[in-house]
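Have a look at the structure below before the remarks.
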Amino acid sequence: MRCLIHPLVQALLKGVFACLLGLTLTLSVQAETGENRRVALVIGNSHYSKLEPLPNPANDVREVADVLRKAGFNVTLGLDVDRLGLEEAVRAFLRSADGAHVGLVYYAGHGVQIGGRNFLVPVDATLDSAYDVETQTMPLELIIGHLRDKSRVQLIFLDACRNNPFKNQSFWMAEKLEPVGPTRGLAPIDSDLGSLIAFSTAPGEVALDGAGKLSPYTQYFVDHASVPNKEIRQVLTEVRRDVISATKGAQIPWENSSLIDSFYFFDAPAPPILASLQQQTVPAGIASTPLALEQPKAPSGSPLTVSVLQVPQAGRVLLAGTPLAPSSTLTADDLGAMTFDASGVAPGTVALFSYAATDFYGQSAQSVVAIQVVQDAGQQRAEEERRRKEAEAAVADYLAGMDGASHTVVIGVGPQALDLPAPEGAPAEAAYTIAAVPAEGVLKAGERTVAAGNVLKGGELSGLSFDPAIGSENKAFEVVIEAGAGVRAALPITAALDPCDIEAGAPLDLQGVVAGRLPNEIEPEAALAACAAAVGAYPDVPRFVYQLGRAQLAGRQPKDAAATFKQAMEAGHVRASDSLAALYARGALGEPDVPKAMELFLLAAEKGDPYGMHDYGKRLYRAASSDDERKRGMEFLLKAADLGHTYAMNELGAIFMDGVGVTADPERAVRYFDEGVARKDIYSINNLAVAYRSGKGAPKDEAKALDLFKQASDGGHPFAPRSIARMYRDGIGVEKDPAEAARWFELAAERGDYWAATDRARLALDTGEPKAEQTATRYLALAVGLSEIFPDPKKTALNALGEMPNKTKKALEKSLIAALDKRSVKDILALKDIDERIGLLSGLVWKAQNPRYDLI
């Protein structure tokens, strides 16, 4: 508390303070500047259902995730994940990694090497057939490759070098059947510039689980990584030393580094919070007057040690009645028990006492206490006590004013200020403890990451910001701020999606934040409004520009969409390249431009977009003029499938089923269809149904085939109803039922199936059902209208329509015209050929029903 001090004494204090301040500044830490976003994927697999369980990985990664969150990483955590869970975690991580400064992967669990490549093994893997590595595991190189494209620094930690749990001795890897080869450990990985690859043991060797709760490697990694101001290479050197000692040389950690900058999990913490100058008054002649010395606070939350630097030349500072001497070491609590002995000290004397508070990490702050001895101190001490209580009350009022104030933050747009008020009325230097932080996402004060237990000055609270984790939408979080017993504020925080992400997010977009909507699922009006607003609010977020393009495309504005996709592509959004390529390939911007489309598909593929890898890989494979092109095409398809792209799975299944460029392997094909079915893909379900119906690649089971066809149809598959209809028409697995066949043919025709429409016409004529010619004419005309989607060189439907009675065709034409705006069909009605006229009119009526083009 402040009181009047003689000007000469003030000058003396100023000089002492400047000297001590100079010492303190040598220990201060500069705040980090610039973009320093950190993201981590942490996976721990212990409870394997078919392979040998591992006791520690799930425990290991909980500890690792906790350390990384405190170090400012936005952590994607997966515990005991199956193949689908691993895929989902990897996609979420890669979405969060876009543009990150540091991307980290920590994996504990089974890992295997085949053909010099490393694979992470989910808990549902069996590895008992030749097809299991490519469909049950995740290639580590895929994750690392994506991470290198998305982040400046890559840190990979693998505590996964257990014995390879193979039940089979060879596995398919692309076009080769690779033998297992070495069965110990993982294969070495070369680090690119800016990356570090760390193994819990040397390549080809096996790591130990240890006897404790954590594996030896993880235990020492957590211990050393948690120490502030320790560079990562020093961390790993000390981890290696301790693991070798703990395992008596049986396990030797190893790493390969190409880092070009220093990296610290934790920078040196800020020094303790402590007033540099304190002023006290004590009555003359009193032998034991309590001193109200400030309790220092450690921003890091670590314990503090207090060292006496200077004792008064007049009077004595006492602790439990014992005078303190220079270099005495105390606890922070001792400061509250100190008294001053003013016996024999003349009134007007100013005694100087100084002390330093040092945290666990060596960070220190110092304070000078000016103790003024006065004849009558009662009034001044009462005034000091009044001011102290006023300050405490102001702090309590400040927190009370914030308590319960809710905050909503948008996912995927970077840290957002919580806009807390400045502590007006409360001392700016008052210390506040952050008692709780959100379990997901990163809380920051300026550039400093804030963890539970950290202490901030009041002036820092207004700089608090929060960056929510991708996938945390609609979750409720809380930041709790405390300043003494019972004085606290709880700030509810809700992470929310921007409406543009909800309305127009794209499936498998590794720069997006949501599972996404298919094109037909986009409501154009709502999406256009939401995405235009998002682009205006966040002009530097490329995904909003891309999603605006999707909204424009759904709103039948292909030229506007193309311009928007170009803008998004130039801003760095990868999927925009694939979407623009699709417009060129389909001729939506004029004549089809396949070379331009392939150029853009390749751009998206090389940058790791699953759609781009599928679109380019499929076209390259199918049109390959060399083995190298075919090999490259398959590599892209396999990478897309590894990320869960079911279109790529179906394409691989078709290649292996029909033997396109490879020896036919129906069983391998069915494995890919099974993977698509596990992801609820209607095309995979339909393909698997075909396999069961034919007995090719799966046991012949017509009843199961029918059930799968119906599942695919329920999901909107356009051709599954035709397969069901043919089974009822021909009595395949069921009794012949022409009426049921007709119903399914009609459903398929409504969805745009050319061949279902022709089959429905033929069924009407073959069975002689009532009004057969009218029914046949109607469906043949529809088939002609659909021929622009399904080109038929033989013109099957057109030729059959020509054989229908003219009277029936004229009646159909009249009904079609009635369903359309006559002005819009004026040119069609001018055509001489009635077959051509009713075909075009039928096509227009079908389009007016807003069909799902995306499913065809």
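Naming works like this for the structure tokens: A, B, ... for the chains as they're shown, residue 1 at the start of each chain, ligands 1 onward in shown order.
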
Check the DSSP output for the backbone and give back, as a ChimeraX atom specification, the residues of segment 552-762 of chain A in helix (DSSP H, G or I). /A:552-554,558-570,575-586,594-606,610-622,627-642,646-658,666-678,682-694,702-714,720-730,738-750,754-762

For the residues in the current selection, export C-alpha atoms as a short mmCIF file (atom, residue, chain, number, x, y, z; two decimals), in the first residue's frame.
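Saved to again39.cif:
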data_model
loop_
_atom_site.label_atom_id
_atom_site.label_comp_id
_atom_site.auth_asym_id
_atom_site.auth_seq_id
_atom_site.Cartn_x
_atom_site.Cartn_y
_atom_site.Cartn_z
CA GLN A 552 -23.65 -21.39 -56.70
CA LEU A 553 -23.36 -24.71 -58.50
CA ALA A 554 -26.33 -26.08 -56.56
CA PRO A 558 -22.07 -22.99 -63.20
CA LYS A 559 -20.21 -20.01 -64.66
CA ASP A 560 -20.35 -18.09 -61.38
CA ALA A 561 -19.31 -21.26 -59.57
CA ALA A 562 -16.34 -21.73 -61.88
CA ALA A 563 -15.13 -18.19 -61.20
CA THR A 564 -15.52 -18.72 -57.47
CA PHE A 565 -13.70 -22.07 -57.60
CA LYS A 566 -10.81 -20.34 -59.39
CA GLN A 567 -10.70 -17.71 -56.67
CA ALA A 568 -10.70 -20.38 -53.95
CA MET A 569 -8.04 -22.38 -55.78
CA GLU A 570 -5.79 -19.32 -56.03
CA ARG A 575 -10.74 -29.27 -53.45
CA ALA A 576 -11.63 -26.24 -55.57
CA SER A 577 -9.23 -27.58 -58.22
CA ASP A 578 -11.13 -30.86 -58.40
CA SER A 579 -14.52 -29.14 -58.52
CA LEU A 580 -13.39 -26.86 -61.34
CA ALA A 581 -11.91 -29.84 -63.19
CA ALA A 582 -15.26 -31.62 -62.99
CA LEU A 583 -16.96 -28.67 -64.71
CA TYR A 584 -14.43 -28.80 -67.55
CA ALA A 585 -14.75 -32.59 -67.86
CA ARG A 586 -18.57 -32.47 -68.05
CA VAL A 594 -10.53 -33.19 -70.89
CA PRO A 595 -6.86 -32.06 -70.98
CA LYS A 596 -7.69 -29.04 -68.83
CA ALA A 597 -9.72 -31.21 -66.49
CA MET A 598 -6.86 -33.70 -66.12
CA GLU A 599 -4.44 -30.88 -65.35
CA LEU A 600 -6.66 -29.68 -62.52
CA PHE A 601 -7.47 -33.20 -61.28
CA LEU A 602 -3.72 -33.83 -61.05
CA LEU A 603 -3.21 -30.61 -59.12
CA ALA A 604 -5.77 -31.70 -56.53
CA ALA A 605 -4.41 -35.26 -56.46
CA GLU A 606 -0.82 -34.22 -55.85
CA PRO A 610 -9.25 -37.65 -51.85
CA TYR A 611 -11.63 -36.62 -54.64
CA GLY A 612 -8.74 -35.41 -56.79
CA MET A 613 -6.81 -38.63 -56.19
CA HIS A 614 -9.85 -40.67 -57.19
CA ASP A 615 -10.76 -38.59 -60.24
CA TYR A 616 -7.23 -38.40 -61.60
CA GLY A 617 -6.23 -41.93 -60.58
CA LYS A 618 -9.29 -43.53 -62.19
CA ARG A 619 -8.85 -41.70 -65.48
CA LEU A 620 -5.10 -42.26 -65.56
CA TYR A 621 -5.47 -45.97 -64.81
CA ARG A 622 -8.22 -46.57 -67.35
CA ASP A 627 2.77 -49.80 -66.83
CA ASP A 628 4.14 -46.75 -65.03
CA GLU A 629 0.97 -44.75 -65.71
CA ARG A 630 -1.19 -47.64 -64.58
CA LYS A 631 0.90 -48.05 -61.43
CA ARG A 632 0.63 -44.35 -60.63
CA GLY A 633 -3.10 -44.37 -61.23
CA MET A 634 -3.55 -47.24 -58.79
CA GLU A 635 -1.37 -45.52 -56.19
CA PHE A 636 -3.68 -42.50 -56.25
CA LEU A 637 -6.75 -44.72 -55.93
CA LEU A 638 -5.23 -46.62 -53.00
CA LYS A 639 -4.36 -43.36 -51.22
CA ALA A 640 -7.89 -42.06 -51.69
CA ALA A 641 -9.29 -45.34 -50.37
CA ASP A 642 -6.99 -45.17 -47.33
CA THR A 646 -15.66 -45.03 -51.12
CA TYR A 647 -15.68 -44.05 -54.80
CA ALA A 648 -12.02 -45.12 -54.91
CA MET A 649 -12.88 -48.36 -53.11
CA ASN A 650 -15.54 -49.13 -55.70
CA GLU A 651 -13.19 -48.32 -58.56
CA LEU A 652 -10.52 -50.62 -57.11
CA GLY A 653 -13.16 -53.30 -56.65
CA ALA A 654 -14.22 -52.98 -60.29
CA ILE A 655 -10.59 -53.18 -61.45
CA PHE A 656 -9.92 -56.35 -59.48
CA MET A 657 -13.30 -57.91 -60.26
CA ASP A 658 -12.94 -57.49 -64.02
CA PRO A 666 -12.85 -61.22 -57.36
CA GLU A 667 -12.14 -61.95 -53.70
CA ARG A 668 -9.91 -58.88 -53.46
CA ALA A 669 -12.63 -56.88 -55.21
CA VAL A 670 -15.22 -57.98 -52.69
CA ARG A 671 -12.95 -56.92 -49.83
CA TYR A 672 -13.05 -53.37 -51.18
CA PHE A 673 -16.82 -53.54 -51.62
CA ASP A 674 -17.04 -54.72 -47.99
CA GLU A 675 -15.04 -51.67 -46.90
CA GLY A 676 -17.43 -49.40 -48.76
CA VAL A 677 -20.41 -51.14 -47.17
CA ALA A 678 -18.88 -50.53 -43.73
CA ILE A 682 -24.86 -47.29 -51.53
CA TYR A 683 -22.66 -48.08 -54.55
CA SER A 684 -20.59 -50.54 -52.53
CA ILE A 685 -23.77 -52.14 -51.22
CA ASN A 686 -25.02 -52.52 -54.79
CA ASN A 687 -21.68 -53.91 -56.00
CA LEU A 688 -21.60 -56.44 -53.18
CA ALA A 689 -25.14 -57.49 -54.08
CA VAL A 690 -23.99 -58.18 -57.64
CA ALA A 691 -21.18 -60.37 -56.27
CA TYR A 692 -23.57 -62.43 -54.14
CA ARG A 693 -26.07 -62.76 -56.98
CA SER A 694 -23.40 -64.02 -59.40
CA GLU A 702 -29.54 -64.74 -54.11
CA ALA A 703 -31.52 -63.96 -50.97
CA LYS A 704 -28.65 -61.93 -49.56
CA ALA A 705 -28.18 -60.24 -52.92
CA LEU A 706 -31.84 -59.18 -52.95
CA ASP A 707 -31.56 -57.80 -49.42
CA LEU A 708 -28.45 -55.78 -50.34
CA PHE A 709 -30.07 -54.45 -53.52
CA LYS A 710 -33.00 -53.25 -51.40
CA GLN A 711 -30.61 -51.56 -48.94
CA ALA A 712 -28.91 -49.78 -51.83
CA SER A 713 -32.28 -48.75 -53.26
CA ASP A 714 -33.41 -47.41 -49.88
CA ALA A 720 -30.43 -51.07 -57.66
CA PRO A 721 -34.20 -51.04 -58.31
CA ARG A 722 -33.56 -52.36 -61.86
CA SER A 723 -31.59 -55.31 -60.42
CA ILE A 724 -34.43 -56.06 -57.99
CA ALA A 725 -36.96 -55.81 -60.82
CA ARG A 726 -35.03 -58.29 -62.96
CA MET A 727 -34.89 -60.77 -60.09
CA TYR A 728 -38.70 -60.60 -59.75
CA ARG A 729 -39.14 -60.66 -63.52
CA ASP A 730 -36.93 -63.73 -64.02
CA PRO A 738 -44.38 -59.28 -63.02
CA ALA A 739 -46.33 -56.72 -61.00
CA GLU A 740 -43.52 -56.40 -58.43
CA ALA A 741 -40.97 -56.26 -61.26
CA ALA A 742 -42.96 -53.45 -62.89
CA ARG A 743 -42.98 -51.46 -59.63
CA TRP A 744 -39.19 -51.66 -59.23
CA PHE A 745 -38.54 -50.88 -62.92
CA GLU A 746 -40.68 -47.76 -62.58
CA LEU A 747 -38.79 -46.61 -59.48
CA ALA A 748 -35.46 -47.01 -61.29
CA ALA A 749 -36.79 -45.16 -64.34
CA GLU A 750 -37.93 -42.27 -62.13
CA TYR A 754 -32.25 -45.60 -69.09
CA TRP A 755 -32.20 -49.39 -69.10
CA ALA A 756 -34.89 -49.68 -66.43
CA ALA A 757 -37.18 -47.56 -68.60
CA THR A 758 -36.60 -49.78 -71.63
CA ASP A 759 -37.05 -52.91 -69.51
CA ARG A 760 -40.33 -51.57 -68.13
CA ALA A 761 -41.61 -51.01 -71.68
CA ARG A 762 -40.56 -54.49 -72.73
#

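Among A:Val825, A:Leu324, A:Pro57, A:Leu140, the residue with the shortest atom-to-atom distance to Asn118 of chain A, counting only C-alpha atoms, is A:Leu140.
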
Separation of atom CA of Ala797 of chain A from atom CA of Pro770 of chain A, in Å and rounded to one decimal: 20.9 Å

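For the residues A:Val660, A:Leu196, A:Ala571, A:Ala527, ranking by smallest atom-to-atom distance to Arg233 of chain A using only C-alpha atoms places A:Leu196 first.
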
Got a sec: who's within 8 Å of Leu54 of chain A, counting only C-alpha atoms, leaving out chain neighbours fewer than 5 positions off, as a count of residues only? 6

Record the distance separating atom CA of Gln372 of chain A and atom CA of Glu294 of chain A, expressed in Å with one decimal. 16.7 Å

Just the strand (DSSP E or B) stuff from segment 336-528 of chain A, please, per backbone DSSP, written as a PyMOL selection string. chain A and resi 338-341+350-359+364-374+407-410+416-417+431-436+442-445+448-449+455-457+464-467+476-482+488-496

Name the residues in contact with segment 262-269 of chain A at a cut-off of 8 Å, using only C-alpha atoms, excluding same-chain residues fewer than 4 positions from it; report them as a JSON list (two decimals) with all heavy atoms, in the first residue's frame.
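part30.json, freshly written:
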[["chain", "number", "residue", "atom", "x", "y", "z"],
["A", 29, "VAL", "N", 11.22, -13.56, -20.19],
["A", 29, "VAL", "CA", 11.02, -14.33, -21.42],
["A", 29, "VAL", "C", 10.30, -13.48, -22.44],
["A", 29, "VAL", "O", 9.30, -12.83, -22.12],
["A", 29, "VAL", "CB", 10.15, -15.58, -21.13],
["A", 29, "VAL", "CG1", 10.00, -16.41, -22.38],
["A", 29, "VAL", "CG2", 10.79, -16.40, -20.03],
["A", 68, "LEU", "N", 0.72, -32.31, -24.31],
["A", 68, "LEU", "CA", 0.66, -31.53, -25.55],
["A", 68, "LEU", "C", -0.38, -30.42, -25.47],
["A", 68, "LEU", "O", -0.16, -29.31, -25.99],
["A", 68, "LEU", "CB", 0.37, -32.45, -26.73],
["A", 68, "LEU", "CG", 1.47, -33.46, -27.07],
["A", 68, "LEU", "CD1", 1.03, -34.35, -28.23],
["A", 68, "LEU", "CD2", 2.77, -32.76, -27.41],
["A", 71, "ALA", "N", 1.05, -27.67, -23.77],
["A", 71, "ALA", "CA", 2.07, -27.03, -24.61],
["A", 71, "ALA", "C", 1.47, -26.26, -25.78],
["A", 71, "ALA", "O", 2.20, -25.81, -26.66],
["A", 71, "ALA", "CB", 3.04, -28.09, -25.13],
["A", 225, "ALA", "N", 9.71, -33.81, -21.87],
["A", 225, "ALA", "CA", 9.03, -32.83, -22.72],
["A", 225, "ALA", "C", 8.32, -31.78, -21.89],
["A", 225, "ALA", "O", 8.07, -30.67, -22.36],
["A", 225, "ALA", "CB", 8.05, -33.53, -23.65],
["A", 226, "SER", "N", 7.98, -32.11, -20.62],
["A", 226, "SER", "CA", 7.24, -31.18, -19.78],
["A", 226, "SER", "C", 8.11, -30.08, -19.19],
["A", 226, "SER", "O", 7.60, -29.13, -18.61],
["A", 226, "SER", "CB", 6.57, -31.95, -18.63],
["A", 226, "SER", "OG", 5.64, -32.89, -19.13],
["A", 227, "VAL", "N", 9.42, -30.22, -19.32],
["A", 227, "VAL", "CA", 10.33, -29.24, -18.72],
["A", 227, "VAL", "C", 10.47, -28.04, -19.66],
["A", 227, "VAL", "O", 10.88, -28.20, -20.81],
["A", 227, "VAL", "CB", 11.71, -29.86, -18.45],
["A", 227, "VAL", "CG1", 12.65, -28.80, -17.86],
["A", 227, "VAL", "CG2", 11.58, -31.05, -17.51],
["A", 228, "PRO", "N", 10.12, -26.84, -19.20],
["A", 228, "PRO", "CA", 10.22, -25.66, -20.08],
["A", 228, "PRO", "C", 11.65, -25.37, -20.51],
["A", 228, "PRO", "O", 12.62, -25.73, -19.85],
["A", 228, "PRO", "CB", 9.67, -24.53, -19.20],
["A", 228, "PRO", "CG", 8.80, -25.20, -18.22],
["A", 228, "PRO", "CD", 9.47, -26.51, -17.92],
["A", 229, "ASN", "N", 11.72, -24.73, -21.65],
["A", 229, "ASN", "CA", 12.99, -24.23, -22.19],
["A", 229, "ASN", "C", 13.98, -25.36, -22.48],
["A", 229, "ASN", "O", 15.19, -25.16, -22.42],
["A", 229, "ASN", "CB", 13.62, -23.21, -21.23],
["A", 229, "ASN", "CG", 14.42, -22.16, -21.98],
["A", 229, "ASN", "OD1", 14.12, -21.86, -23.14],
["A", 229, "ASN", "ND2", 15.43, -21.62, -21.34],
["A", 230, "LYS", "N", 13.46, -26.53, -22.83],
["A", 230, "LYS", "CA", 14.32, -27.66, -23.19],
["A", 230, "LYS", "C", 14.06, -27.99, -24.66],
["A", 230, "LYS", "O", 12.96, -28.37, -25.05],
["A", 230, "LYS", "CB", 14.03, -28.86, -22.31],
["A", 230, "LYS", "CG", 15.01, -30.01, -22.52],
["A", 230, "LYS", "CD", 14.75, -31.18, -21.56],
["A", 230, "LYS", "CE", 15.18, -30.83, -20.15],
["A", 230, "LYS", "NZ", 15.12, -32.02, -19.26],
["A", 231, "GLU", "N", 15.08, -27.83, -25.49],
["A", 231, "GLU", "CA", 14.95, -28.04, -26.93],
["A", 231, "GLU", "C", 14.70, -29.51, -27.21],
["A", 231, "GLU", "O", 15.17, -30.40, -26.49],
["A", 231, "GLU", "CB", 16.22, -27.56, -27.63],
["A", 231, "GLU", "CG", 15.99, -27.09, -29.06],
["A", 231, "GLU", "CD", 16.01, -28.22, -30.08],
["A", 231, "GLU", "OE1", 16.69, -29.22, -29.80],
["A", 231, "GLU", "OE2", 15.35, -28.08, -31.13],
["A", 232, "ILE", "N", 13.94, -29.79, -28.29],
["A", 232, "ILE", "CA", 13.45, -31.15, -28.51],
["A", 232, "ILE", "C", 14.58, -32.15, -28.66],
["A", 232, "ILE", "O", 14.49, -33.30, -28.21],
["A", 232, "ILE", "CB", 12.50, -31.19, -29.73],
["A", 232, "ILE", "CG1", 11.83, -32.56, -29.81],
["A", 232, "ILE", "CG2", 13.24, -30.84, -31.03],
["A", 232, "ILE", "CD1", 10.70, -32.62, -30.80],
["A", 299, "PRO", "N", 3.09, -17.72, -12.83],
["A", 299, "PRO", "CA", 2.19, -17.93, -13.97],
["A", 299, "PRO", "C", 2.15, -19.38, -14.43],
["A", 299, "PRO", "O", 1.13, -19.83, -14.94],
["A", 299, "PRO", "CB", 2.81, -17.02, -15.05],
["A", 299, "PRO", "CG", 3.50, -15.95, -14.28],
["A", 299, "PRO", "CD", 4.05, -16.63, -13.06],
["A", 300, "SER", "N", 3.26, -20.09, -14.25],
["A", 300, "SER", "CA", 3.29, -21.51, -14.66],
["A", 300, "SER", "C", 2.57, -22.41, -13.68],
["A", 300, "SER", "O", 2.33, -23.57, -13.97],
["A", 300, "SER", "CB", 4.75, -21.97, -14.79],
["A", 300, "SER", "OG", 5.41, -21.86, -13.52],
["A", 361, "TYR", "N", 11.44, -23.58, -12.49],
["A", 361, "TYR", "CA", 12.22, -23.54, -13.72],
["A", 361, "TYR", "C", 13.32, -22.48, -13.69],
["A", 361, "TYR", "O", 13.94, -22.21, -14.71],
["A", 361, "TYR", "CB", 11.29, -23.29, -14.90],
["A", 361, "TYR", "CG", 10.11, -24.23, -14.90],
["A", 361, "TYR", "CD1", 8.84, -23.78, -14.59],
["A", 361, "TYR", "CD2", 10.29, -25.58, -15.19],
["A", 361, "TYR", "CE1", 7.76, -24.66, -14.55],
["A", 361, "TYR", "CE2", 9.21, -26.46, -15.15],
["A", 361, "TYR", "CZ", 7.95, -25.99, -14.83],
["A", 361, "TYR", "OH", 6.90, -26.85, -14.80],
["A", 363, "GLN", "N", 12.91, -19.23, -13.09],
["A", 363, "GLN", "CA", 12.44, -17.89, -13.39],
["A", 363, "GLN", "C", 12.21, -17.13, -12.08],
["A", 363, "GLN", "O", 11.62, -17.68, -11.14],
["A", 363, "GLN", "CB", 11.16, -17.94, -14.21],
["A", 363, "GLN", "CG", 11.36, -18.55, -15.59],
["A", 363, "GLN", "CD", 12.25, -17.70, -16.45],
["A", 363, "GLN", "OE1", 13.47, -17.86, -16.43],
["A", 363, "GLN", "NE2", 11.67, -16.78, -17.20]]

As a PyMOL selection string, please: the residues near Asp467 of chain A (cut-off 10 Å, only C-alpha atoms, same-chain neighbours under 3 positions excluded). chain A and resi 37+74+409-417+440-444+470+495

Those same residues, written as an mmCIF file, in the first residue's frame with N, CA, C and O atoms?
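again_19.cif, written as the output of this step:
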data_model
loop_
_atom_site.group_PDB
_atom_site.id
_atom_site.type_symbol
_atom_site.label_atom_id
_atom_site.label_comp_id
_atom_site.auth_asym_id
_atom_site.auth_seq_id
_atom_site.Cartn_x
_atom_site.Cartn_y
_atom_site.Cartn_z
ATOM 1 N N ARG A 37 0.640 -21.890 -34.664
ATOM 2 C CA ARG A 37 -0.414 -22.869 -34.401
ATOM 3 C C ARG A 37 0.169 -24.275 -34.382
ATOM 4 O O ARG A 37 0.923 -24.661 -35.266
ATOM 5 N N ASN A 74 -3.444 -28.262 -30.358
ATOM 6 C CA ASN A 74 -4.828 -28.670 -30.545
ATOM 7 C C ASN A 74 -4.790 -30.161 -30.848
ATOM 8 O O ASN A 74 -4.323 -30.572 -31.912
ATOM 9 N N VAL A 409 -17.873 -19.284 -30.017
ATOM 10 C CA VAL A 409 -16.724 -19.138 -30.914
ATOM 11 C C VAL A 409 -16.944 -20.039 -32.128
ATOM 12 O O VAL A 409 -17.505 -21.129 -32.022
ATOM 13 N N VAL A 410 -16.493 -19.575 -33.279
ATOM 14 C CA VAL A 410 -16.697 -20.286 -34.540
ATOM 15 C C VAL A 410 -15.509 -21.204 -34.803
ATOM 16 O O VAL A 410 -14.347 -20.805 -34.647
ATOM 17 N N ILE A 411 -15.799 -22.415 -35.214
ATOM 18 C CA ILE A 411 -14.751 -23.409 -35.483
ATOM 19 C C ILE A 411 -14.094 -23.127 -36.828
ATOM 20 O O ILE A 411 -14.759 -22.839 -37.817
ATOM 21 N N GLY A 412 -12.775 -23.231 -36.844
ATOM 22 C CA GLY A 412 -12.048 -23.198 -38.107
ATOM 23 C C GLY A 412 -11.753 -21.836 -38.677
ATOM 24 O O GLY A 412 -11.461 -21.726 -39.859
ATOM 25 N N VAL A 413 -11.792 -20.801 -37.848
ATOM 26 C CA VAL A 413 -11.445 -19.457 -38.335
ATOM 27 C C VAL A 413 -10.302 -18.852 -37.533
ATOM 28 O O VAL A 413 -9.990 -17.676 -37.683
ATOM 29 N N GLY A 414 -9.659 -19.655 -36.675
ATOM 30 C CA GLY A 414 -8.550 -19.176 -35.884
ATOM 31 C C GLY A 414 -8.982 -18.725 -34.501
ATOM 32 O O GLY A 414 -10.169 -18.775 -34.149
ATOM 33 N N PRO A 415 -8.018 -18.298 -33.663
ATOM 34 C CA PRO A 415 -8.345 -17.847 -32.298
ATOM 35 C C PRO A 415 -9.287 -16.651 -32.331
ATOM 36 O O PRO A 415 -9.135 -15.747 -33.147
ATOM 37 N N GLN A 416 -10.258 -16.659 -31.433
ATOM 38 C CA GLN A 416 -11.223 -15.566 -31.357
ATOM 39 C C GLN A 416 -11.226 -14.963 -29.961
ATOM 40 O O GLN A 416 -11.267 -15.687 -28.968
ATOM 41 N N ALA A 417 -11.150 -13.639 -29.917
ATOM 42 C CA ALA A 417 -11.091 -12.929 -28.642
ATOM 43 C C ALA A 417 -12.349 -13.194 -27.829
ATOM 44 O O ALA A 417 -13.464 -13.201 -28.366
ATOM 45 N N GLU A 440 -10.853 -29.315 -25.030
ATOM 46 C CA GLU A 440 -10.492 -29.322 -26.448
ATOM 47 C C GLU A 440 -10.300 -27.885 -26.907
ATOM 48 O O GLU A 440 -10.999 -26.986 -26.450
ATOM 49 N N GLY A 441 -9.359 -27.691 -27.829
ATOM 50 C CA GLY A 441 -9.069 -26.351 -28.291
ATOM 51 C C GLY A 441 -7.928 -25.737 -27.498
ATOM 52 O O GLY A 441 -7.366 -26.347 -26.583
ATOM 53 N N VAL A 442 -7.564 -24.509 -27.851
ATOM 54 C CA VAL A 442 -6.415 -23.832 -27.237
ATOM 55 C C VAL A 442 -6.835 -22.464 -26.727
ATOM 56 O O VAL A 442 -7.380 -21.651 -27.480
ATOM 57 N N LEU A 443 -6.574 -22.224 -25.440
ATOM 58 C CA LEU A 443 -6.814 -20.929 -24.814
ATOM 59 C C LEU A 443 -5.491 -20.176 -24.784
ATOM 60 O O LEU A 443 -4.461 -20.730 -24.405
ATOM 61 N N LYS A 444 -5.517 -18.906 -25.183
ATOM 62 C CA LYS A 444 -4.295 -18.112 -25.212
ATOM 63 C C LYS A 444 -4.517 -16.754 -24.552
ATOM 64 O O LYS A 444 -5.622 -16.208 -24.573
ATOM 65 N N ILE A 470 -11.544 -28.597 -34.223
ATOM 66 C CA ILE A 470 -12.450 -29.121 -35.236
ATOM 67 C C ILE A 470 -13.129 -30.374 -34.681
ATOM 68 O O ILE A 470 -12.481 -31.240 -34.090
ATOM 69 N N ALA A 495 -18.627 -23.970 -28.770
ATOM 70 C CA ALA A 495 -18.024 -23.998 -30.107
ATOM 71 C C ALA A 495 -19.130 -24.237 -31.123
ATOM 72 O O ALA A 495 -19.958 -25.136 -30.951
#

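Using only C-alpha atoms, the smallest distance between any of A:Leu214, A:Val845, A:Val574, A:Leu318 and Pro542 of chain A comes from A:Val574.
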
Got a sec: who's within 7 Å of Arg778 of chain A, counting only C-alpha atoms, leaving out chain neighbours fewer than 4 positions off, as a ChimeraX atom specification? /A:774,782,812
